[in-house]
$ cat my_file.cif   # mmCIF, C-alpha atoms and all ligand atoms
data_work
loop_
_atom_site.label_atom_id
_atom_site.label_comp_id
_atom_site.auth_asym_id
_atom_site.auth_seq_id
_atom_site.Cartn_x
_atom_site.Cartn_y
_atom_site.Cartn_z
CA MET A 1 118.33 153.80 135.01
CA ASP A 2 120.41 157.01 135.13
CA SER A 3 124.03 156.20 135.96
CA LYS A 4 124.15 159.01 138.56
CA LEU A 5 122.39 158.85 141.91
CA THR A 6 122.66 160.71 145.18
CA VAL A 7 123.99 158.89 148.24
CA LYS A 8 120.52 159.21 149.79
CA ASP A 9 118.79 157.74 146.70
CA PHE A 10 121.17 154.81 146.72
CA LYS A 11 120.53 154.21 150.41
CA ASN A 12 116.75 154.19 149.86
CA LEU A 13 117.12 151.93 146.84
CA ILE A 14 119.31 149.34 148.56
CA CYS A 15 117.06 149.30 151.66
CA ARG A 16 114.01 148.70 149.48
CA GLU A 17 115.58 146.09 147.22
CA LEU A 18 117.24 143.96 149.89
CA ASN A 19 114.68 144.06 152.68
CA SER A 20 113.32 140.60 151.89
CA ILE A 21 116.80 139.06 152.17
CA TYR A 22 118.58 140.95 154.97
CA SER A 23 117.82 142.78 158.22
CA LEU A 24 118.12 146.59 158.19
CA LYS A 25 121.36 146.35 160.17
CA GLU A 26 122.85 144.01 157.58
CA ILE A 27 121.67 146.20 154.68
CA LEU A 28 123.28 149.28 156.24
CA SER A 29 126.52 147.42 156.65
CA ILE A 30 126.41 146.26 152.98
CA TYR A 31 125.59 149.85 151.93
CA SER A 32 128.65 151.19 153.76
CA ILE A 33 130.93 148.49 152.32
CA LEU A 34 129.75 149.29 148.78
CA LEU A 35 130.17 153.05 149.15
CA GLU A 36 133.63 152.58 150.63
CA ASN A 37 134.82 150.08 148.02
CA ARG A 38 133.13 151.37 144.88
CA VAL A 39 133.01 155.16 145.21
CA ASN A 40 135.48 155.73 148.03
CA ILE A 41 132.95 157.34 150.36
CA SER A 42 133.24 156.59 154.07
CA LYS A 43 130.29 155.95 156.39
CA VAL A 44 130.78 159.39 157.97
CA GLU A 45 130.93 161.18 154.59
CA ALA A 46 127.78 159.38 153.48
CA ALA A 47 125.96 160.61 156.60
CA LEU A 48 127.28 164.17 156.19
CA TYR A 49 126.64 164.55 152.46
CA PRO A 50 123.47 162.61 151.55
CA GLU A 51 122.93 164.80 148.47
CA LYS A 52 126.35 163.98 147.02
CA VAL A 53 126.01 162.63 143.48
CA ILE A 54 127.77 159.29 142.85
CA GLU A 55 128.52 157.16 139.80
CA SER A 56 125.99 154.36 140.14
CA GLN A 57 126.55 151.92 137.26
CA GLN A 58 128.82 149.55 139.23
CA LEU A 59 126.64 149.90 142.34
CA LEU A 60 123.55 148.88 140.38
CA GLU A 61 125.40 145.85 138.98
CA ASP A 62 126.36 144.93 142.52
CA LEU A 63 122.78 145.32 143.67
CA LYS A 64 121.64 142.78 141.07
CA ARG A 65 124.09 140.24 142.50
CA LEU A 66 123.10 141.08 146.08
CA LYS A 67 119.45 140.44 145.22
CA LYS A 68 120.45 136.88 144.32
CA ALA A 69 121.86 136.57 147.88
CA GLU A 70 125.50 136.64 146.78
CA PRO A 71 127.62 137.67 149.78
CA ILE A 72 128.93 141.23 149.67
CA GLN A 73 132.44 139.94 150.42
CA TYR A 74 132.53 137.89 147.20
CA ILE A 75 131.19 140.87 145.25
CA VAL A 76 133.88 143.27 146.43
CA GLY A 77 136.47 140.45 146.67
CA VAL A 78 137.68 141.27 150.18
CA ALA A 79 136.71 140.69 153.80
CA PRO A 80 138.04 142.26 157.01
CA PHE A 81 139.75 140.03 159.57
CA ARG A 82 141.22 141.70 162.66
CA ASN A 83 143.52 144.40 161.25
CA LEU A 84 143.76 142.69 157.85
CA GLU A 85 141.84 143.04 154.63
CA LEU A 86 141.85 139.60 153.07
CA ARG A 87 141.11 138.56 149.53
CA VAL A 88 138.18 136.13 149.39
CA THR A 89 136.86 134.11 146.44
CA PRO A 90 134.12 131.48 146.11
CA ASP A 91 136.89 128.92 146.79
CA THR A 92 137.36 130.25 150.30
CA LEU A 93 135.10 130.54 153.28
CA ILE A 94 134.45 134.15 154.27
CA PRO A 95 136.28 134.51 157.61
CA ARG A 96 133.89 135.03 160.51
CA PRO A 97 134.07 137.31 163.59
CA GLU A 98 134.07 134.21 165.83
CA THR A 99 137.35 133.16 164.23
CA GLU A 100 138.81 136.54 165.16
CA GLU A 101 137.93 135.60 168.74
CA LEU A 102 139.75 132.29 168.32
CA VAL A 103 142.88 134.14 167.21
CA GLU A 104 142.51 136.50 170.18
CA LEU A 105 142.45 133.52 172.57
CA ILE A 106 145.69 132.24 171.07
CA VAL A 107 147.59 135.52 171.01
CA SER A 108 146.65 136.24 174.62
CA ASP A 109 147.56 132.75 175.86
CA PRO A 110 150.27 133.25 178.53
CA THR A 111 151.99 129.87 178.03
CA LEU A 112 152.35 130.36 174.28
CA ASN A 113 153.69 133.86 174.80
CA LYS A 114 156.45 132.46 177.03
CA ARG A 115 157.75 129.98 174.45
CA ASN A 116 160.44 130.85 171.93
CA HIS A 117 160.37 130.08 168.24
CA LEU A 118 156.85 128.64 168.21
CA GLN A 119 155.97 125.97 165.64
CA ILE A 120 152.34 126.53 164.65
CA LEU A 121 150.07 124.48 162.40
CA ASP A 122 146.72 125.78 161.08
CA ILE A 123 144.60 122.99 159.57
CA GLY A 124 142.04 123.98 156.88
CA THR A 125 143.35 127.51 156.40
CA GLY A 126 140.94 128.87 153.75
CA THR A 127 141.92 132.52 153.18
CA GLY A 128 144.83 132.01 155.58
CA ALA A 129 143.09 134.27 158.11
CA ILE A 130 144.29 132.42 161.23
CA ALA A 131 147.81 131.60 160.03
CA ILE A 132 148.50 135.10 158.70
CA SER A 133 147.22 136.75 161.89
CA LEU A 134 149.39 134.47 164.02
CA LYS A 135 152.49 135.12 161.93
CA GLN A 136 151.81 138.84 162.35
CA LYS A 137 151.57 138.46 166.12
CA PHE A 138 154.43 135.95 166.50
CA PRO A 139 156.98 137.02 163.83
CA GLU A 140 159.61 134.60 165.17
CA ALA A 141 157.28 131.61 164.84
CA ASP A 142 157.30 129.10 161.99
CA LEU A 143 153.81 128.98 160.55
CA TYR A 144 152.46 125.99 158.61
CA ALA A 145 148.99 126.04 157.10
CA THR A 146 147.17 123.31 155.21
CA ASP A 147 144.16 123.01 152.98
CA PHE A 148 142.98 120.35 150.56
CA SER A 149 141.83 123.04 148.14
CA ILE A 150 144.68 124.23 145.92
CA ARG A 151 142.64 127.26 144.94
CA ALA A 152 142.06 128.24 148.56
CA LEU A 153 145.82 127.90 149.17
CA GLN A 154 146.52 130.24 146.23
CA VAL A 155 144.26 132.87 147.79
CA ALA A 156 145.88 132.38 151.20
CA LYS A 157 149.36 132.74 149.67
CA ALA A 158 148.36 136.00 147.96
CA ASN A 159 146.98 137.29 151.26
CA ALA A 160 150.22 136.54 153.11
CA GLU A 161 152.29 138.14 150.33
CA LYS A 162 150.21 141.30 150.56
CA TYR A 163 151.38 141.67 154.18
CA ARG A 164 154.88 140.30 153.46
CA LEU A 165 154.44 137.47 155.95
CA LYS A 166 155.99 134.05 155.51
CA VAL A 167 153.74 131.05 155.97
CA ASN A 168 154.55 127.53 154.74
CA TRP A 169 151.52 126.44 152.71
CA ILE A 170 150.92 122.70 152.56
CA HIS A 171 148.53 121.00 150.17
CA HIS A 172 147.20 118.27 152.44
CA ASP A 173 143.94 116.40 152.85
CA ILE A 174 143.63 115.94 156.59
CA LEU A 175 141.26 112.97 156.19
CA ARG A 176 143.38 111.05 153.69
CA ASP A 177 146.97 112.17 153.39
CA PRO A 178 149.78 110.84 155.60
CA VAL A 179 150.74 112.72 158.75
CA GLU A 180 154.40 112.66 157.59
CA ILE A 181 153.68 115.56 155.19
CA LEU A 182 152.96 117.79 158.21
CA PRO A 183 155.59 119.32 160.54
CA GLN A 184 156.48 116.65 163.09
CA SER A 185 156.91 118.65 166.29
CA VAL A 186 154.61 121.60 166.91
CA ASP A 187 153.68 123.79 169.89
CA LEU A 188 150.23 124.60 168.64
CA ILE A 189 147.61 123.15 166.33
CA VAL A 190 144.71 125.43 165.52
CA SER A 191 141.74 124.55 163.37
CA ASN A 192 138.33 125.78 162.38
CA PRO A 193 137.38 122.71 160.36
CA PRO A 194 134.08 121.97 158.62
CA TYR A 195 131.55 121.01 161.31
CA ILE A 196 127.97 121.73 160.23
CA PRO A 197 125.95 118.52 159.73
CA GLU A 198 124.49 118.49 156.18
CA LEU A 199 121.08 118.12 157.80
CA ASN A 200 121.32 121.73 159.07
CA ALA A 201 121.89 123.26 155.63
CA PRO A 202 118.22 124.32 155.18
CA MET A 203 118.47 126.43 158.36
CA LEU A 204 121.29 128.54 156.96
CA HIS A 205 120.94 131.76 154.96
CA ALA A 206 120.96 131.40 151.16
CA ASN A 207 124.09 133.56 151.01
CA VAL A 208 125.93 130.73 152.81
CA THR A 209 124.41 127.63 151.19
CA GLN A 210 124.31 128.94 147.61
CA TYR A 211 127.71 130.62 147.53
CA GLU A 212 130.22 129.42 150.11
CA PRO A 213 132.13 126.19 149.39
CA HIS A 214 130.20 123.27 150.86
CA SER A 215 133.44 121.41 151.48
CA ALA A 216 134.45 124.20 153.91
CA LEU A 217 131.20 124.01 155.87
CA PHE A 218 129.54 120.64 155.98
CA VAL A 219 130.19 117.21 157.42
CA PRO A 220 128.14 114.04 157.01
CA ASN A 221 125.22 113.83 159.47
CA TYR A 222 126.48 110.49 160.77
CA ASP A 223 129.88 111.86 161.81
CA PRO A 224 129.93 115.57 162.77
CA LEU A 225 133.22 115.15 164.67
CA LEU A 226 134.96 113.65 161.64
CA PHE A 227 137.60 116.39 161.35
CA TYR A 228 138.08 116.84 165.10
CA LYS A 229 138.72 113.10 165.56
CA ARG A 230 141.41 113.11 162.91
CA ILE A 231 143.05 116.30 164.19
CA ILE A 232 142.99 115.08 167.80
CA ASP A 233 144.63 111.86 166.64
CA ILE A 234 147.27 113.70 164.60
CA GLY A 235 147.83 116.09 167.52
CA SER A 236 148.70 113.14 169.75
CA ILE A 237 151.53 112.34 167.29
CA ILE A 238 152.95 115.74 166.36
CA LEU A 239 152.28 118.01 169.35
CA LYS A 240 155.28 118.62 171.62
CA PRO A 241 154.86 117.80 175.35
CA ASP A 242 152.51 120.51 176.67
CA GLY A 243 151.67 121.43 173.08
CA LYS A 244 148.23 122.98 172.67
CA LEU A 245 145.17 122.40 170.55
CA PHE A 246 142.77 125.27 169.80
CA PHE A 247 139.50 124.50 168.01
CA GLU A 248 136.57 126.50 166.82
CA THR A 249 133.64 124.16 167.28
CA PHE A 250 129.89 123.85 167.91
CA GLU A 251 127.63 123.71 170.91
CA GLU A 252 126.44 120.11 170.82
CA SER A 253 129.96 118.70 170.54
CA GLN A 254 131.02 119.31 174.15
CA GLU A 255 130.28 115.90 175.67
CA SER A 256 131.68 113.73 172.86
CA MET A 257 134.71 115.95 172.41
CA MET A 258 135.53 115.58 176.12
CA GLN A 259 135.41 111.76 175.85
CA LEU A 260 137.58 111.82 172.79
CA LEU A 261 140.23 114.10 174.29
CA LYS A 262 140.36 112.01 177.47
CA SER A 263 140.86 108.83 175.50
CA TYR A 264 143.96 110.43 173.96
CA LYS A 265 145.19 111.69 177.35
CA TYR A 266 144.82 115.37 176.56
CA LYS A 267 144.59 117.53 179.69
CA ASN A 268 143.58 121.06 180.75
CA VAL A 269 140.48 120.93 178.55
CA HIS A 270 138.62 124.25 178.45
CA PHE A 271 135.35 125.03 176.74
CA ILE A 272 134.98 128.74 176.05
CA ASN A 273 131.96 130.77 174.96
CA ASP A 274 131.98 133.35 172.20
CA ILE A 275 130.74 136.94 172.66
CA ASN A 276 127.18 135.72 172.07
CA GLU A 277 127.54 133.40 175.06
CA LYS A 278 127.49 130.33 172.84
CA PHE A 279 129.97 127.55 173.44
CA ARG A 280 132.38 127.93 170.54
CA PHE A 281 136.04 127.26 171.41
CA LEU A 282 137.94 124.37 172.85
CA ILE A 283 141.48 124.40 174.20
CA ALA A 284 143.40 121.33 175.33
CA SER A 285 147.01 120.43 175.90
CA LEU A 286 148.94 117.22 175.62
C1 LIG B 1 135.38 126.24 158.11
S1 LIG B 1 136.59 126.52 156.83
C2 LIG B 1 137.78 127.47 157.75
C3 LIG B 1 138.62 128.38 156.92
C4 LIG B 1 139.54 129.32 157.72
N1 LIG B 1 140.44 128.56 158.58
C5 LIG B 1 138.71 130.26 158.57
O1 LIG B 1 138.63 130.03 159.80
O2 LIG B 1 138.13 131.21 158.03
C6 LIG B 1 137.31 124.92 156.69
C7 LIG B 1 138.48 124.80 155.74
O3 LIG B 1 138.89 123.43 155.71
C8 LIG B 1 139.21 123.06 154.39
N2 LIG B 1 139.01 121.60 154.26
C9 LIG B 1 137.85 120.93 154.06
N3 LIG B 1 138.09 119.60 153.98
C10 LIG B 1 139.44 119.46 154.14
C11 LIG B 1 140.29 118.33 154.14
N4 LIG B 1 139.80 117.09 153.98
N5 LIG B 1 141.61 118.52 154.35
C12 LIG B 1 142.11 119.77 154.52
N6 LIG B 1 141.35 120.87 154.49
C13 LIG B 1 140.02 120.72 154.31
C14 LIG B 1 138.27 123.85 153.51
O4 LIG B 1 138.77 123.98 152.19
C15 LIG B 1 138.20 125.19 154.29
O5 LIG B 1 139.17 126.07 153.84
#
$ encode --input "my_file.cif" --output "structure tokens" --more "lines below"
Ligand SMILES: C[S@@+](CC[C@H](N)C(=O)[O-])C[C@H]1O[C@@H](n2cnc3c(N)ncnc32)[C@H](O)[C@@H]1O
Amino acid sequence: MDSKLTVKDFKNLICRELNSIYSLKEILSIYSILLENRVNISKVEAALYPEKVIESQQLLEDLKRLKKAEPIQYIVGVAPFRNLELRVTPDTLIPRPETEELVELIVSDPTLNKRNHLQILDIGTGTGAIAISLKQKFPEADLYATDFSIRALQVAKANAEKYRLKVNWIHHDILRDPVEILPQSVDLIVSNPPYIPELNAPMLHANVTQYEPHSALFVPNYDPLLFYKRIIDIGSIILKPDGKLFFETFEESQESMMQLLKSYKYKNVHFINDINEKFRFLIASL
């Protein structure tokens, strides 16, 4: 195919080629991301100048990958998160809008805002999205972030360096490694751990199951609360009095999570919905 196309031709092509994989809304978002990243054309420019001729070789290569359901974020190598543009690789989960909401809940928490020199621990940091955002909001805080994937930690470190923010990266397997490796007295533990039972994998889009790291997503069917149990237990050891726990979680977990938190004497337990009115976040304090 000719390596030059108009913006309008490319739009028609991408809509036609991806319509069996994505909704129109999703295709238009992918189209804008590609134009922005590959040929430096904004959404507004694309709408104003549909006849503009663009270099299409890279875009056509990208389209081939998109047709195999590869996520656009892995193709362009970046994903937005709040006011950040984070590097993402197949070793890291692509940060989700719900997680932006989790960060928003933390940064607007009145009790945390009153404390000085916060000690914050993010467990299972992936791209570092949560930890980096919190360091940006609370520059005086000490940020610690763990992951069991060395390669994910390397991506997270590069993301923090891009914004010149200091986070202490800790290679730690939350299910196996000793608690002593973690900071021993923290004001806040935040985590968006793996929580999707393996059984649910067939219900997810191919762009998730074929490309995102399974170790970041799935838990065994027989123990969906695996990570939460361990983090709640660790929290009871390392959280300061009145220290807080913030989780991203899933709808069906409410009842069992409540029992678990009570058995550890956590208090002020709140279940909070996301913008789609789905139960998604849990806050508790010690
Ligand atoms: C759902 S992802 C969340 C990533 C990131 N915090 C976010 O919200 O975008 C879960 C993360 O936990 C990490 N993880 C999985 N098993 C782990 C373990 N046993 N110990 C520590 N981290 C683990 C994965 O590598 C992944 O980065």
$ closest_residue --input "my_file.cif" --among "A:Asp187, A:Asp233, A:Glu98, A:Glu255" --to "Ser285 in chain A" --atoms "only C-alpha atoms"
A:Asp187
$ closest_residue --input "my_file.cif" --among "A:Leu66, A:Met257, A:Val39, A:Ala156" --to "ligand LIG 1 (chain B)" --atoms "all atoms listed in the file"
A:Ala156
$ atom_distance --input "my_file.cif" --atom1 "CA of Tyr74 in chain A" --atom2 "CA of Ile94 in chain A"
8.2 Å
$ closest_residue --input "my_file.cif" --among "A:Cys15, A:Leu286, A:Leu86, A:Ile275" --to "ligand LIG 1 (chain B)" --atoms "only C-alpha atoms and all ligand atoms"
A:Leu86
$ closest_residue --input "my_file.cif" --among "A:Asp9, A:Glu212, A:Glu251, A:Glu104" --to "Pro90 in chain A" --atoms "only C-alpha atoms"
A:Glu212
$ closest_residue --input "my_file.cif" --among "A:Tyr195, A:Tyr144, A:Phe138, A:Tyr228" --to "His172 in chain A" --atoms "only C-alpha atoms"
A:Tyr144
$ closest_residue --input "my_file.cif" --among "A:Val103, A:Leu260, A:Ile27, A:Leu226" --to "Asn83 in chain A" --atoms "all atoms listed in the file"
A:Val103
$ closest_atom_pairs --input "my_file.cif" --of "chain A" --to "ligand LIG 1 (chain B)" --cutoff "9 Å" --atoms "all atoms listed in the file" --output "Markdown table"
| residue | atom | partner | partner_atom | distance |
| --- | --- | --- | --- | --- |
| A:Asp91 | CA | B:LIG1 | O4 | 7.6 |
| A:Thr92 | CA | B:LIG1 | O5 | 5.8 |
| A:Leu93 | CA | B:LIG1 | C3 | 5.5 |
| A:Ile94 | CA | B:LIG1 | O2 | 6.0 |
| A:Pro95 | CA | B:LIG1 | O2 | 3.8 |
| A:Arg96 | CA | B:LIG1 | O2 | 6.2 |
| A:Glu98 | CA | B:LIG1 | O1 | 8.6 |
| A:Thr99 | CA | B:LIG1 | O1 | 5.6 |
| A:Glu100 | CA | B:LIG1 | O1 | 8.4 |
| A:Leu102 | CA | B:LIG1 | O1 | 8.9 |
| A:Asp122 | CA | B:LIG1 | N1 | 7.3 |
| A:Ile123 | CA | B:LIG1 | N6 | 6.4 |
| A:Gly124 | CA | B:LIG1 | O3 | 3.4 |
| A:Thr125 | CA | B:LIG1 | N1 | 3.8 |
| A:Gly126 | CA | B:LIG1 | O5 | 3.3 |
| A:Thr127 | CA | B:LIG1 | C4 | 6.0 |
| A:Gly128 | CA | B:LIG1 | C4 | 6.3 |
| A:Ala129 | CA | B:LIG1 | O2 | 5.8 |
| A:Ile130 | CA | B:LIG1 | N1 | 6.1 |
| A:Ala131 | CA | B:LIG1 | N1 | 8.1 |
| A:Thr146 | CA | B:LIG1 | C12 | 6.2 |
| A:Asp147 | CA | B:LIG1 | N6 | 3.8 |
| A:Phe148 | CA | B:LIG1 | C12 | 4.1 |
| A:Ser149 | CA | B:LIG1 | O4 | 5.2 |
| A:Ile150 | CA | B:LIG1 | O4 | 8.6 |
| A:Arg151 | CA | B:LIG1 | O4 | 8.8 |
| A:Ala152 | CA | B:LIG1 | O5 | 6.4 |
| A:Leu153 | CA | B:LIG1 | O5 | 8.3 |
| A:His171 | CA | B:LIG1 | C12 | 7.9 |
| A:His172 | CA | B:LIG1 | C12 | 5.7 |
| A:Asp173 | CA | B:LIG1 | N5 | 3.5 |
| A:Ile174 | CA | B:LIG1 | N5 | 4.0 |
| A:Leu175 | CA | B:LIG1 | N4 | 4.9 |
| A:Arg176 | CA | B:LIG1 | N4 | 7.0 |
| A:Asp177 | CA | B:LIG1 | N5 | 8.4 |
| A:Val190 | CA | B:LIG1 | N1 | 8.7 |
| A:Ser191 | CA | B:LIG1 | N1 | 6.4 |
| A:Asn192 | CA | B:LIG1 | C2 | 5.0 |
| A:Pro193 | CA | B:LIG1 | C6 | 4.3 |
| A:Pro194 | CA | B:LIG1 | C1 | 4.5 |
| A:Tyr195 | CA | B:LIG1 | C1 | 7.2 |
| A:Ile196 | CA | B:LIG1 | C1 | 8.9 |
| A:Pro213 | CA | B:LIG1 | O4 | 7.5 |
| A:His214 | CA | B:LIG1 | C14 | 8.5 |
| A:Ser215 | CA | B:LIG1 | C9 | 5.1 |
| A:Ala216 | CA | B:LIG1 | C14 | 3.9 |
| A:Leu217 | CA | B:LIG1 | C1 | 5.2 |
| A:Phe218 | CA | B:LIG1 | C1 | 8.4 |
| A:Val219 | CA | B:LIG1 | N3 | 8.9 |
| A:Phe227 | CA | B:LIG1 | N4 | 7.7 |
| A:Glu248 | CA | B:LIG1 | O1 | 8.1 |
$ atom_distance --input "my_file.cif" --atom1 "CA of Glu55 in chain A" --atom2 "CA of Phe10 in chain A"
10.4 Å
$ build_atoms --input "my_file.cif" --residues "range 256-281 of chain A" --atoms "N, CA and C atoms" --output "mmCIF file, keeping the file's coordinate frame"
data_model
loop_
_atom_site.group_PDB
_atom_site.id
_atom_site.type_symbol
_atom_site.label_atom_id
_atom_site.label_comp_id
_atom_site.auth_asym_id
_atom_site.auth_seq_id
_atom_site.Cartn_x
_atom_site.Cartn_y
_atom_site.Cartn_z
ATOM 1 N N SER A 256 130.911 114.729 173.622
ATOM 2 C CA SER A 256 131.680 113.730 172.860
ATOM 3 C C SER A 256 133.127 114.160 172.672
ATOM 4 N N MET A 257 133.342 115.465 172.574
ATOM 5 C CA MET A 257 134.710 115.950 172.410
ATOM 6 C C MET A 257 135.519 115.656 173.679
ATOM 7 N N MET A 258 134.881 115.825 174.830
ATOM 8 C CA MET A 258 135.530 115.580 176.120
ATOM 9 C C MET A 258 135.986 114.115 176.196
ATOM 10 N N GLN A 259 135.093 113.206 175.829
ATOM 11 C CA GLN A 259 135.410 111.760 175.850
ATOM 12 C C GLN A 259 136.614 111.465 174.969
ATOM 13 N N LEU A 260 136.546 112.053 173.778
ATOM 14 C CA LEU A 260 137.580 111.820 172.790
ATOM 15 C C LEU A 260 138.949 112.301 173.287
ATOM 16 N N LEU A 261 138.961 113.521 173.824
ATOM 17 C CA LEU A 261 140.230 114.100 174.290
ATOM 18 C C LEU A 261 140.795 113.284 175.442
ATOM 19 N N LYS A 262 139.903 112.811 176.327
ATOM 20 C CA LYS A 262 140.360 112.010 177.470
ATOM 21 C C LYS A 262 140.975 110.712 176.992
ATOM 22 N N SER A 263 140.348 110.114 175.965
ATOM 23 C CA SER A 263 140.860 108.830 175.500
ATOM 24 C C SER A 263 142.262 108.976 174.895
ATOM 25 N N TYR A 264 142.611 110.183 174.490
ATOM 26 C CA TYR A 264 143.960 110.430 173.960
ATOM 27 C C TYR A 264 144.889 111.055 175.021
ATOM 28 N N LYS A 265 144.404 111.147 176.234
ATOM 29 C CA LYS A 265 145.190 111.690 177.350
ATOM 30 C C LYS A 265 145.521 113.184 177.227
ATOM 31 N N TYR A 266 144.658 113.910 176.536
ATOM 32 C CA TYR A 266 144.820 115.370 176.560
ATOM 33 C C TYR A 266 144.399 115.851 177.939
ATOM 34 N N LYS A 267 144.945 116.992 178.368
ATOM 35 C CA LYS A 267 144.590 117.530 179.690
ATOM 36 C C LYS A 267 144.229 119.018 179.561
ATOM 37 N N ASN A 268 143.935 119.624 180.695
ATOM 38 C CA ASN A 268 143.580 121.060 180.750
ATOM 39 C C ASN A 268 142.562 121.430 179.660
ATOM 40 N N VAL A 269 141.491 120.666 179.598
ATOM 41 C CA VAL A 269 140.480 120.930 178.550
ATOM 42 C C VAL A 269 139.591 122.087 178.993
ATOM 43 N N HIS A 270 139.486 123.099 178.146
ATOM 44 C CA HIS A 270 138.620 124.250 178.450
ATOM 45 C C HIS A 270 137.622 124.453 177.336
ATOM 46 N N PHE A 271 136.369 124.664 177.715
ATOM 47 C CA PHE A 271 135.350 125.030 176.740
ATOM 48 C C PHE A 271 135.061 126.511 176.957
ATOM 49 N N ILE A 272 135.111 127.278 175.901
ATOM 50 C CA ILE A 272 134.980 128.740 176.050
ATOM 51 C C ILE A 272 133.853 129.258 175.166
ATOM 52 N N ASN A 273 133.072 130.190 175.727
ATOM 53 C CA ASN A 273 131.960 130.770 174.960
ATOM 54 C C ASN A 273 132.450 131.910 174.080
ATOM 55 N N ASP A 274 131.683 132.178 173.021
ATOM 56 C CA ASP A 274 131.980 133.350 172.200
ATOM 57 C C ASP A 274 131.251 134.578 172.757
ATOM 58 N N ILE A 275 131.355 135.730 172.081
ATOM 59 C CA ILE A 275 130.740 136.940 172.660
ATOM 60 C C ILE A 275 129.215 136.854 172.715
ATOM 61 N N ASN A 276 128.641 135.908 171.982
ATOM 62 C CA ASN A 276 127.180 135.720 172.070
ATOM 63 C C ASN A 276 126.802 134.680 173.118
ATOM 64 N N GLU A 277 127.767 134.370 173.971
ATOM 65 C CA GLU A 277 127.540 133.400 175.060
ATOM 66 C C GLU A 277 127.206 132.009 174.554
ATOM 67 N N LYS A 278 127.679 131.692 173.368
ATOM 68 C CA LYS A 278 127.490 130.330 172.840
ATOM 69 C C LYS A 278 128.792 129.589 172.958
ATOM 70 N N PHE A 279 128.732 128.313 173.377
ATOM 71 C CA PHE A 279 129.970 127.550 173.440
ATOM 72 C C PHE A 279 130.573 127.462 172.033
ATOM 73 N N ARG A 280 131.820 127.813 171.891
ATOM 74 C CA ARG A 280 132.380 127.930 170.540
ATOM 75 C C ARG A 280 133.836 127.466 170.428
ATOM 76 N N PHE A 281 134.601 127.547 171.538
ATOM 77 C CA PHE A 281 136.040 127.260 171.410
ATOM 78 C C PHE A 281 136.451 126.178 172.396
#
